[in-house]
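Undergrad: Take a look at this one; I'll ask things after.
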Amino acid sequence: MSKPRGSIRHRLHAWYYERLRRKAVAASGQALPIRASDADNVTLARIIGNDLFPRHQEGQTLRNLAFILDNEPDFKGCNKLFVLNRIFEDDIRREAEKMVEDHGHEALVLPFIGEEYAAQSYDTSFFGGDDHFLSNAFAARDENQRDRERLWACAAKVRYAMNINGARNAALARGRQRGGWIFVLDGACFVRADAWEQFRLDLAAPPHVPYLVIPMQRMPSNDDVARVALTSNLDEEPQIAIHAHARESFDERYPYGIRDKVALLQRIGVPGPWDYWGRFAWLRAERGEAPERFLYKYANTSVLRLSSGVSTGQLERKGAEPVRYQSRNKAILRTLAMLDRRFDAPDAARGRQITGIPSDPGTMS
């Protein structure tokens with residue numbers, strides 16, 4: 001595990017969780033059906049979605065996919081799986097599928113069907129109705145809180161259009177058919193050859209627990225991938241590998257943009273800044289205590305997250321988290337406004353009031 005960072009409070013919190021993790025791992029013994037040889041049976045899955053402007057530069061999804069396919073080595077004992085997740089431009093989806101298959105890898109297509117999207121509805125019932133989003137109380141909230149409330153009112157549409165945890169679970173299901181380990185990575189994550197060798201060592205080494213927490217480093221430029229020094233620092237929200245015998249999956253109640261991966265990290269007891277975020281009143285009580293809580297270990301190297309192509313890599317630099325967060329939220333809301341128009345969603349007018357996005361998102365500043 002990397003050295004805990006941040007305030008004394010955060011370091012003490014991480015230290016306490018590390019004690020709980022070691023105690024749980026020691027108590028688990030060899031009861032889990034996980035073997036060192038499983039390190040040679042890995043599904044390396046990535047979730048490939050749509051470009052979401054202004055979080056991503058137009059065409060960045062295909063550029064990063066091409067970079068991965070052209071530059072990432074094939075790894076022994078590894079099946080690469082690319083989940084093409086609800087890509088709503090048919091020509092982009094077809095091109096991505098062809099690129100993956102031409103390189104000898106598997107493409108799993110989760111189709112976007114316009115009629116199914118249009119059947120999803122906004123739900124403002126928790127907030128007392130649509131007028132909440134025009135109220136003085138709503139206007140007085142900070143921008144992040146307003147965006148979170150808007151996203152929750154849009155949750156059904158976000159779950160369908162972005163489908164992030166549905167796609168992660170589809171990758172898990174496909175990987176579990178092969179057994180061994182499943183790396184469930186975000187679409188822009190790149191694995192260097194030296195990192196892969198370390199991951200194999202990490203998977204094969206005891207303790208044999210069902211989750212591997214994987215550090216991630218952001219790349220302002222893809223040109224830096226070959227020369228950047230890999231670290232095991234947990235400065236960014238990590239990625240995760242899950243054994244085929246693990247019980248947990250990704251909670252599909254959480255739409256993209258609202259703790260979609262963090263919900264699983266919290267459930268298995270991975271400490272991080274999310275432990276100080278509080279709970280959402282919108283969600284019912286969390287599921288009961290995870291039976292595999294604290295049964296994870298840390299990788300000793302990282303994956304590299306390729307550039308989003310925006311602002312010459314400024315959004316990938318240290319300290320850009322607040323701007324990156326707001327940019328992502330705006331991108332989700334703009335995308336919904338565009339999809340409502342394209343597929344004649346019957347509640348498109350409501351959506352404009354709830355999201356604050358005009359009928360022509362291009363008029364936004």
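Ordered as shown in the structure tokens, chains take letters A, B, and onward, while each chain numbers its residues from 1 and ligands are numbered from 1 in the order shown.
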Please provide the set of residues having any atom within 9 Å of segment 240-250 of chain A, restricted to only C-alpha atoms, with same-chain residues fewer than 3 positions apart removed, written as a compact mmCIF listing (two decimals) with N, CA and C atoms, in the first residue's frame.

TA:
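Everything below was put into selection-v9.txt:
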# COMPACT_ATOMS: atom_id res chain seq x y z
N LEU A 32 -11.00 -18.89 0.48
CA LEU A 32 -11.47 -18.44 -0.83
C LEU A 32 -10.82 -19.26 -1.94
N PRO A 33 -11.59 -19.63 -2.97
CA PRO A 33 -11.06 -20.45 -4.08
C PRO A 33 -10.27 -19.62 -5.07
N ILE A 34 -9.21 -18.97 -4.61
CA ILE A 34 -8.37 -18.12 -5.44
C ILE A 34 -6.95 -18.68 -5.40
N ASP A 38 -4.18 -18.17 -11.04
CA ASP A 38 -5.23 -17.35 -11.66
C ASP A 38 -4.65 -16.08 -12.28
N LEU A 44 -8.94 -8.44 -19.40
CA LEU A 44 -8.64 -7.01 -19.27
C LEU A 44 -9.74 -6.26 -20.01
N ASN A 165 -22.40 1.50 -14.77
CA ASN A 165 -22.30 0.30 -13.94
C ASN A 165 -22.95 -0.90 -14.60
N GLY A 166 -23.93 -0.68 -15.47
CA GLY A 166 -24.45 -1.79 -16.26
C GLY A 166 -23.38 -2.36 -17.17
N ARG A 168 -20.06 -2.09 -16.68
CA ARG A 168 -19.06 -2.76 -15.84
C ARG A 168 -19.52 -4.15 -15.44
N ASN A 169 -20.79 -4.27 -15.10
CA ASN A 169 -21.30 -5.59 -14.72
C ASN A 169 -21.37 -6.53 -15.91
N LEU A 172 -17.92 -7.81 -16.14
CA LEU A 172 -17.73 -8.80 -15.08
C LEU A 172 -18.34 -10.14 -15.47
N ALA A 173 -19.56 -10.10 -15.99
CA ALA A 173 -20.25 -11.34 -16.35
C ALA A 173 -19.49 -12.09 -17.43
N GLY A 175 -16.25 -11.84 -18.11
CA GLY A 175 -15.01 -12.32 -17.53
C GLY A 175 -15.20 -13.52 -16.62
N ARG A 176 -16.29 -13.52 -15.87
CA ARG A 176 -16.55 -14.65 -14.97
C ARG A 176 -16.78 -15.94 -15.72
N GLN A 177 -17.22 -15.86 -16.97
CA GLN A 177 -17.37 -17.07 -17.78
C GLN A 177 -16.00 -17.73 -18.03
N ARG A 178 -14.94 -16.93 -18.07
CA ARG A 178 -13.59 -17.44 -18.31
C ARG A 178 -12.89 -17.81 -17.02
N GLY A 179 -13.38 -17.30 -15.90
CA GLY A 179 -12.73 -17.54 -14.62
C GLY A 179 -11.54 -16.62 -14.43
N GLY A 180 -10.82 -16.81 -13.34
CA GLY A 180 -9.64 -15.99 -13.06
C GLY A 180 -10.02 -14.58 -12.64
N TRP A 181 -9.25 -13.61 -13.14
CA TRP A 181 -9.40 -12.22 -12.74
C TRP A 181 -10.00 -11.38 -13.86
N ILE A 182 -10.76 -10.36 -13.47
CA ILE A 182 -11.32 -9.40 -14.42
C ILE A 182 -10.88 -8.00 -14.01
N PHE A 183 -10.08 -7.35 -14.86
CA PHE A 183 -9.75 -5.94 -14.67
C PHE A 183 -10.89 -5.13 -15.30
N VAL A 184 -11.57 -4.34 -14.49
CA VAL A 184 -12.69 -3.54 -15.00
C VAL A 184 -12.21 -2.08 -15.02
N LEU A 185 -11.71 -1.66 -16.19
CA LEU A 185 -11.06 -0.37 -16.31
C LEU A 185 -11.92 0.62 -17.07
N VAL A 209 -6.94 -12.70 -2.07
CA VAL A 209 -8.21 -12.04 -1.76
C VAL A 209 -8.89 -11.67 -3.09
N PRO A 210 -10.21 -11.39 -3.07
CA PRO A 210 -10.95 -11.27 -4.33
C PRO A 210 -10.91 -9.91 -5.02
N TYR A 211 -10.22 -8.91 -4.44
CA TYR A 211 -10.19 -7.58 -5.07
C TYR A 211 -8.77 -7.04 -5.06
N LEU A 212 -8.38 -6.45 -6.20
CA LEU A 212 -7.10 -5.76 -6.31
C LEU A 212 -7.39 -4.31 -6.63
N VAL A 213 -6.98 -3.41 -5.75
CA VAL A 213 -7.18 -1.98 -5.94
C VAL A 213 -5.99 -1.42 -6.71
N ILE A 214 -6.26 -0.74 -7.83
CA ILE A 214 -5.22 -0.39 -8.79
C ILE A 214 -5.07 1.14 -8.87
N PRO A 215 -3.92 1.67 -8.47
CA PRO A 215 -3.70 3.11 -8.63
C PRO A 215 -3.79 3.55 -10.09
N ARG A 253 -27.82 1.28 -9.12
CA ARG A 253 -28.64 2.42 -8.70
C ARG A 253 -27.91 3.73 -8.92
N TYR A 254 -26.58 3.68 -8.90
CA TYR A 254 -25.79 4.90 -9.01
C TYR A 254 -25.55 5.24 -10.48
N ASP A 260 -20.46 6.33 -8.92
CA ASP A 260 -20.75 5.05 -9.55
C ASP A 260 -19.74 3.96 -9.19
N LYS A 261 -18.45 4.29 -9.21
CA LYS A 261 -17.44 3.31 -8.79
C LYS A 261 -17.17 3.37 -7.29
N ALA A 263 -19.14 3.71 -4.89
CA ALA A 263 -20.07 2.91 -4.09
C ALA A 263 -19.50 1.53 -3.79
N LEU A 264 -18.84 0.92 -4.79
CA LEU A 264 -18.22 -0.39 -4.57
C LEU A 264 -16.98 -0.27 -3.70
N LEU A 265 -16.15 0.75 -3.95
CA LEU A 265 -14.96 0.93 -3.12
C LEU A 265 -15.34 1.09 -1.66
N ARG A 267 -18.07 0.02 -0.23
CA ARG A 267 -18.69 -1.22 0.27
C ARG A 267 -17.64 -2.25 0.70
N ILE A 268 -16.52 -2.33 -0.03
CA ILE A 268 -15.49 -3.30 0.35
C ILE A 268 -14.45 -2.69 1.28
N ALA A 290 -21.04 -5.77 3.56
CA ALA A 290 -20.48 -6.64 2.52
C ALA A 290 -19.77 -7.82 3.16
N PRO A 291 -20.09 -9.05 2.76
CA PRO A 291 -19.42 -10.22 3.35
C PRO A 291 -17.92 -10.26 3.06
N GLU A 292 -17.49 -9.56 2.01
CA GLU A 292 -16.07 -9.55 1.66
C GLU A 292 -15.43 -8.19 1.98

Undergrad: Assign secondary structure with DSSP using the backbone only, and return the residues of segment 12-82 of chain A in helix (DSSP H, G or I) as a PyMOL selection string.

TA: chain A and resi 12-28+36-40+60-71

Undergrad: Calculate how many Å separate atom CA of Phe88 of chain A from atom CA of Asp70 of chain A, rounding to one decimal.

TA: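 Atom CA of Asp70 of chain A lies at a distance of 24.5 Å from atom CA of Phe88 of chain A.
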
Undergrad: In terms of the shortest atom-to-atom distance over only C-alpha atoms, which of A:Gln145, A:Gln266, A:Thr301, A:Gln239 is closest to Asp194 of chain A?

TA: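 Of A:Gln145, A:Gln266, A:Thr301, A:Gln239, the one nearest Asp194 of chain A is A:Thr301, counting only C-alpha atoms.
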
Undergrad: Report, in Å to a single decimal, how far apart atom CA of Ser37 of chain A and atom CA of His208 of chain A are.

TA: 10.8 Å

Undergrad: So that I can check the surroundings of segment 108-115 of chain A, please list as a CSV table (one decimal) with N, CA and C atoms, in the first residue's frame every protein, DNA and RNA residue that reaches within 6 Å of it, counting only C-alpha atoms and ignoring chain neighbours fewer than 2 positions away.

TA:
chain,number,residue,atom,x,y,z
A,83,VAL,N,-15.9,-3.2,-24.1
A,83,VAL,CA,-17.3,-3.0,-24.0
A,83,VAL,C,-17.7,-1.7,-24.6
A,84,LEU,N,-18.4,-1.8,-25.8
A,84,LEU,CA,-18.8,-0.6,-26.5
A,84,LEU,C,-20.2,-0.2,-25.9
A,85,ASN,N,-20.2,0.8,-25.1
A,85,ASN,CA,-21.3,1.0,-24.2
A,85,ASN,C,-22.2,2.1,-24.6
A,86,ARG,N,-23.4,1.8,-25.2
A,86,ARG,CA,-24.4,2.7,-25.5
A,86,ARG,C,-23.9,3.9,-26.4
A,88,PHE,N,-24.1,6.2,-29.2
A,88,PHE,CA,-25.3,6.6,-29.9
A,88,PHE,C,-25.1,7.0,-31.4
A,117,TYR,N,-34.4,4.9,-24.9
A,117,TYR,CA,-34.0,6.1,-24.2
A,117,TYR,C,-35.1,7.1,-24.0
A,118,ALA,N,-35.9,7.3,-25.1
A,118,ALA,CA,-37.1,8.2,-25.0
A,118,ALA,C,-38.1,7.8,-24.0
A,343,PHE,N,-34.3,12.2,-30.1
A,343,PHE,CA,-35.2,11.1,-30.1
A,343,PHE,C,-36.6,11.5,-29.6
